[in-house]
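Beneath this line is the structure, given in structure tokens, with notes to follow.
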Amino acid sequence: MSFILISSARFGDHMNPPGHPERVERADVMDSVAAEWARGGGIVREPRAATRDELLRVHTADHLAAIDQTAGQAVSLDPDTFTSPLSRDVALLAAGAAIGGVEAVIQSAAVRVLALVRPPGHHAERDKAMGFCLYNNVAAGAAHALAMGLERVVVMDYDVHHGNGTQWMFYDEPRVLYISTHQYPYYPGTGAAEEVGRGSGAGFTVNVPLEAGSTDGDYQEIFKAVVVPVIDQFRPELMLISAGFDAHERDPLARMRLSEAGYASLTSSLCDAADRHCRGRLVAVTEGGYELSALRACLESTVEVLADSRPTAPLFSSASSASSTSSGAPGLEGPPPGATARSRAARAAVRAAQSKYWRL
Ligand SMILES: [Zn+2]
């Protein structure tokens, strides 16, 4: 399995006002993680800019014009979302990184990609910037995969916030399965279990709303009982990850209790699913993560997992590996250690909303 990191020092050219959590120091963390990977002989590529036609697959022409008008200026687009003079160009690179990552994995199987980008993307709607996001990077990547002929793409979003933009862009689209685990109720307010998609897209949006305080064990229980089984039934040709690390226990914005080891175990289970269904094709694109030491630790462990450069002891075994081995590994029966009533409640809500679409 080969691994490519997409990174650019230019992601440090997007500035938010002083005190904003999506601060330029996040780019310094990304740069140093990429530099460390390159020093060890790893592959690091510069992104290209997304083209207008690529962005028009997920955004309106009016939205592209509105962002174009911010070029060269510091503009407030909503109470959370700002530009600095170079932000438009930087945001084009962020979307282009996701698109380029998708191209790389489709053109040669058994490749995993991590795109270290800012601004993040999953709150950006078809027609507006929102929640620190200008263009929806991962959605542009998913749309590019469809344009390249793929018919089943999964977007797994483990950022602590619900990815409203990605959900609505593909709400009617059965070729893109959007799965989100998120703190709920919380910003942006969407992401109830009952939001399941519409028309021919019904069942292809899977929301797992989790109460504040959810632990590594809760997330592992949800991945084992909901996320991995749904992915296994969908059989995607490509796995995209909205890789937000703001569900970390030290993150200042949210109130979840994931550790970096917990995040690594979730990513590892997604790699296993991509190996089973997608010939390994997996593209992770960064979203949130606002505590710098937690962000660094999560990025480093994500690189290690994606690059297969450390043995990961899976904290649970997926359904298919359970049937192919009889290791008797702990955790096959019952919830993982540390799971609480939060994951039980979320699992029940998802089952009630999704049981006519998926075997859960
Ligand atoms: Zn977030």
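To be explicit about the labels: the chains of the structure tokens are called A, B, and onward in the order shown, and within each one the residues are counted from 1, while ligands get numbers from 1 in the order they are shown.
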
Show me which residues line ligand 1, defined as having an atom within 7 Å of a ligand atom where only C-alpha atoms and all ligand atoms count, and present them as a list in words. Asp159, Val160, His161, Gly244, Asp246, Glu287, Gly288 and Gly289 of chain A

Output N, CA and C atoms for every residue in that selection, as a PDB file, in the first residue's frame.
ATOM      1  N   ASP A 159     -15.422  14.400  11.864  1.00  0.00           N
ATOM      2  CA  ASP A 159     -15.323  15.705  12.520  1.00  0.00           C
ATOM      3  C   ASP A 159     -16.428  15.795  13.582  1.00  0.00           C
ATOM      4  N   VAL A 160     -16.180  16.561  14.652  1.00  0.00           N
ATOM      5  CA  VAL A 160     -17.173  16.603  15.740  1.00  0.00           C
ATOM      6  C   VAL A 160     -18.456  17.333  15.336  1.00  0.00           C
ATOM      7  N   HIS A 161     -18.360  18.139  14.285  1.00  0.00           N
ATOM      8  CA  HIS A 161     -19.547  18.854  13.799  1.00  0.00           C
ATOM      9  C   HIS A 161     -20.187  18.082  12.641  1.00  0.00           C
ATOM     10  N   GLY A 244     -11.804  15.445  10.543  1.00  0.00           N
ATOM     11  CA  GLY A 244     -11.775  16.502  11.560  1.00  0.00           C
ATOM     12  C   GLY A 244     -11.358  15.910  12.894  1.00  0.00           C
ATOM     13  N   ASP A 246     -11.574  17.537  15.878  1.00  0.00           N
ATOM     14  CA  ASP A 246     -12.118  18.352  16.971  1.00  0.00           C
ATOM     15  C   ASP A 246     -13.033  17.560  17.908  1.00  0.00           C
ATOM     16  N   GLU A 287     -10.426  18.491   8.153  1.00  0.00           N
ATOM     17  CA  GLU A 287     -11.489  19.464   8.439  1.00  0.00           C
ATOM     18  C   GLU A 287     -11.065  20.245   9.689  1.00  0.00           C
ATOM     19  N   GLY A 288     -11.782  20.049  10.833  1.00  0.00           N
ATOM     20  CA  GLY A 288     -11.456  20.803  12.047  1.00  0.00           C
ATOM     21  C   GLY A 288     -10.382  20.146  12.892  1.00  0.00           C
ATOM     22  N   GLY A 289     -10.207  20.698  14.105  1.00  0.00           N
ATOM     23  CA  GLY A 289      -9.142  20.248  15.021  1.00  0.00           C
ATOM     24  C   GLY A 289      -8.396  21.480  15.488  1.00  0.00           C
TER      25      GLY A 289
END

Please produce, as CSV, a per-residue contact table for range 120-181 of chain A versus range 194-208 of chain A (criterion: any atom at most 12 Å away, only C-alpha atoms considered), showing the nearest atom pair and its distance in Å to one decimal, sorted by chain then residue number.
residue,atom,partner,partner_atom,distance
A:Arg152,CA,A:Phe204,CA,10.4
A:Val153,CA,A:Phe204,CA,10.4
A:Val154,CA,A:Phe204,CA,9.2
A:Val155,CA,A:Thr205,CA,9.7
A:Met156,CA,A:Val206,CA,9.6
A:Asp157,CA,A:Asn207,CA,9.7
A:Tyr158,CA,A:Val208,CA,10.0
A:Asp159,CA,A:Val208,CA,11.8
A:Val160,CA,A:Val208,CA,11.0
A:His161,CA,A:Val208,CA,11.1
A:His162,CA,A:Asn207,CA,8.4
A:Gly163,CA,A:Asn207,CA,9.9
A:Asn164,CA,A:Asn207,CA,10.6
A:Thr166,CA,A:Thr205,CA,9.9
A:Gln167,CA,A:Thr205,CA,6.9
A:Trp168,CA,A:Gly197,CA,8.5
A:Met169,CA,A:Gly197,CA,10.5
A:Phe170,CA,A:Gly201,CA,7.6
A:Tyr171,CA,A:Gly197,CA,4.8
A:Asp172,CA,A:Gly201,CA,4.0
A:Glu173,CA,A:Gly201,CA,4.6
A:Pro174,CA,A:Gly201,CA,4.4
A:Arg175,CA,A:Gly201,CA,8.0
A:Val176,CA,A:Phe204,CA,6.8
A:Leu177,CA,A:Phe204,CA,4.6
A:Tyr178,CA,A:Thr205,CA,4.8
A:Ile179,CA,A:Val206,CA,4.7
A:Ser180,CA,A:Asn207,CA,5.1
A:Thr181,CA,A:Val208,CA,4.8

Please produce an output containing C-alpha atoms for each residue in the selection, written as a PDB file, in the first residue's frame.
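As a result, selection-v2.pdb now contains:
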ATOM      1  CA  ARG A 152     -20.427   4.197  -5.241  1.00  0.00           C
ATOM      2  CA  VAL A 153     -18.455   6.652  -3.097  1.00  0.00           C
ATOM      3  CA  VAL A 154     -18.618   6.811   0.681  1.00  0.00           C
ATOM      4  CA  VAL A 155     -17.820   9.994   2.612  1.00  0.00           C
ATOM      5  CA  MET A 156     -17.165   9.205   6.277  1.00  0.00           C
ATOM      6  CA  ASP A 157     -17.156  12.389   8.370  1.00  0.00           C
ATOM      7  CA  TYR A 158     -15.801  12.003  11.912  1.00  0.00           C
ATOM      8  CA  ASP A 159     -15.323  15.705  12.520  1.00  0.00           C
ATOM      9  CA  VAL A 160     -17.173  16.603  15.740  1.00  0.00           C
ATOM     10  CA  HIS A 161     -19.547  18.854  13.799  1.00  0.00           C
ATOM     11  CA  HIS A 162     -22.167  17.644  11.363  1.00  0.00           C
ATOM     12  CA  GLY A 163     -21.140  18.234   7.741  1.00  0.00           C
ATOM     13  CA  ASN A 164     -24.298  20.011   6.671  1.00  0.00           C
ATOM     14  CA  THR A 166     -21.811  17.634   2.265  1.00  0.00           C
ATOM     15  CA  GLN A 167     -25.135  16.172   3.419  1.00  0.00           C
ATOM     16  CA  TRP A 168     -27.289  18.590   1.438  1.00  0.00           C
ATOM     17  CA  MET A 169     -25.125  18.462  -1.695  1.00  0.00           C
ATOM     18  CA  PHE A 170     -25.699  14.704  -1.975  1.00  0.00           C
ATOM     19  CA  TYR A 171     -29.063  14.396  -0.212  1.00  0.00           C
ATOM     20  CA  ASP A 172     -30.803  13.090  -3.377  1.00  0.00           C
ATOM     21  CA  GLU A 173     -27.755  11.193  -4.670  1.00  0.00           C
ATOM     22  CA  PRO A 174     -27.637   7.399  -4.218  1.00  0.00           C
ATOM     23  CA  ARG A 175     -24.081   7.183  -5.590  1.00  0.00           C
ATOM     24  CA  VAL A 176     -22.642   9.061  -2.605  1.00  0.00           C
ATOM     25  CA  LEU A 177     -23.199   7.572   0.847  1.00  0.00           C
ATOM     26  CA  TYR A 178     -22.638  10.251   3.509  1.00  0.00           C
ATOM     27  CA  ILE A 179     -22.045   8.949   7.053  1.00  0.00           C
ATOM     28  CA  SER A 180     -21.434  11.358   9.932  1.00  0.00           C
ATOM     29  CA  THR A 181     -20.682  10.906  13.627  1.00  0.00           C
TER      30      THR A 181
END

Secondary structure check, strand (DSSP E or B) residues of range 130-269 of chain A, as an NGL selection string: :A and (130 or 133 or 153-157 or 176-183 or 205-210 or 215 or 238-243 or 248 or 257-258)

What does the file look like for those residues with C-alpha atoms, as an mmCIF file, in the first residue's frame?
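part_21.cif written:
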data_model
loop_
_atom_site.group_PDB
_atom_site.id
_atom_site.type_symbol
_atom_site.label_atom_id
_atom_site.label_comp_id
_atom_site.auth_asym_id
_atom_site.auth_seq_id
_atom_site.Cartn_x
_atom_site.Cartn_y
_atom_site.Cartn_z
ATOM 1 C CA MET A 130 -20.237 28.913 6.406
ATOM 2 C CA CYS A 133 -15.467 26.893 5.128
ATOM 3 C CA VAL A 153 -18.455 6.652 -3.097
ATOM 4 C CA VAL A 154 -18.618 6.811 0.681
ATOM 5 C CA VAL A 155 -17.820 9.994 2.612
ATOM 6 C CA MET A 156 -17.165 9.205 6.277
ATOM 7 C CA ASP A 157 -17.156 12.389 8.370
ATOM 8 C CA VAL A 176 -22.642 9.061 -2.605
ATOM 9 C CA LEU A 177 -23.199 7.572 0.847
ATOM 10 C CA TYR A 178 -22.638 10.251 3.509
ATOM 11 C CA ILE A 179 -22.045 8.949 7.053
ATOM 12 C CA SER A 180 -21.434 11.358 9.932
ATOM 13 C CA THR A 181 -20.682 10.906 13.627
ATOM 14 C CA HIS A 182 -21.069 14.214 15.460
ATOM 15 C CA GLN A 183 -21.829 15.891 18.757
ATOM 16 C CA THR A 205 -27.345 9.754 4.362
ATOM 17 C CA VAL A 206 -26.578 8.095 7.705
ATOM 18 C CA ASN A 207 -26.393 10.439 10.691
ATOM 19 C CA VAL A 208 -25.133 9.250 14.066
ATOM 20 C CA PRO A 209 -25.907 12.014 16.579
ATOM 21 C CA LEU A 210 -23.876 11.515 19.759
ATOM 22 C CA THR A 215 -15.713 8.269 24.588
ATOM 23 C CA LEU A 238 -13.768 4.818 -3.047
ATOM 24 C CA MET A 239 -13.538 5.901 0.587
ATOM 25 C CA LEU A 240 -13.308 9.595 1.450
ATOM 26 C CA ILE A 241 -12.804 10.770 5.018
ATOM 27 C CA SER A 242 -13.742 14.220 6.311
ATOM 28 C CA ALA A 243 -10.907 14.044 8.815
ATOM 29 C CA HIS A 248 -10.440 15.057 20.583
ATOM 30 C CA ARG A 257 -13.575 12.534 24.667
ATOM 31 C CA LEU A 258 -11.775 10.845 21.767
#

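Atom pair CA of Arg88 in chain A / CA of Ala71 in chain A: separated by 5.6 Å.
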
For Phe223 in chain A, the nearest of the candidates A:Arg281, A:Arg347, A:Lys128, A:Arg296, counting only C-alpha atoms: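 With only C-alpha atoms as the atom set, the closest residue is A:Arg347.
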
Separation of CA of Asn137 in chain A and CA of Leu64 in chain A, in Å? 13.5 Å

For Leu114 in chain A, which of A:Ser265, A:Ala147, A:Gly280, A:Ala97 is the closest residue, counting only C-alpha atoms?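 That would be A:Ala97, the residue with the smallest distance to Leu114 in chain A.
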
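With distances restricted to only C-alpha atoms, A:Val303 is the closest residue to Ala38 in chain A from A:Ala129, A:Leu292, A:Val303, A:Leu77.
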
Mind pulling up the distance from CA of Gly101 in chain A to CA of Arg57 in chain A? 17.0 Å

Taking 5 positions as the minimum chain separation for residues in the same chain, which residues sit within 9 Å of Arg344 in chain A when counting only C-alpha atoms? Answer as a ChimeraX atom specification. /A:218,221-222,339,349

Name the closest residue to Asp275 in chain A among the candidates A:Leu253, A:Ile231, A:Ala143, A:Leu93; distances are taken between atoms, counting only C-alpha atoms. A:Ile231

Counting only C-alpha atoms, closest pick from A:Asp31, A:Asp232, A:Asp216, A:Glu304 relative to Pro335 in chain A is A:Asp216
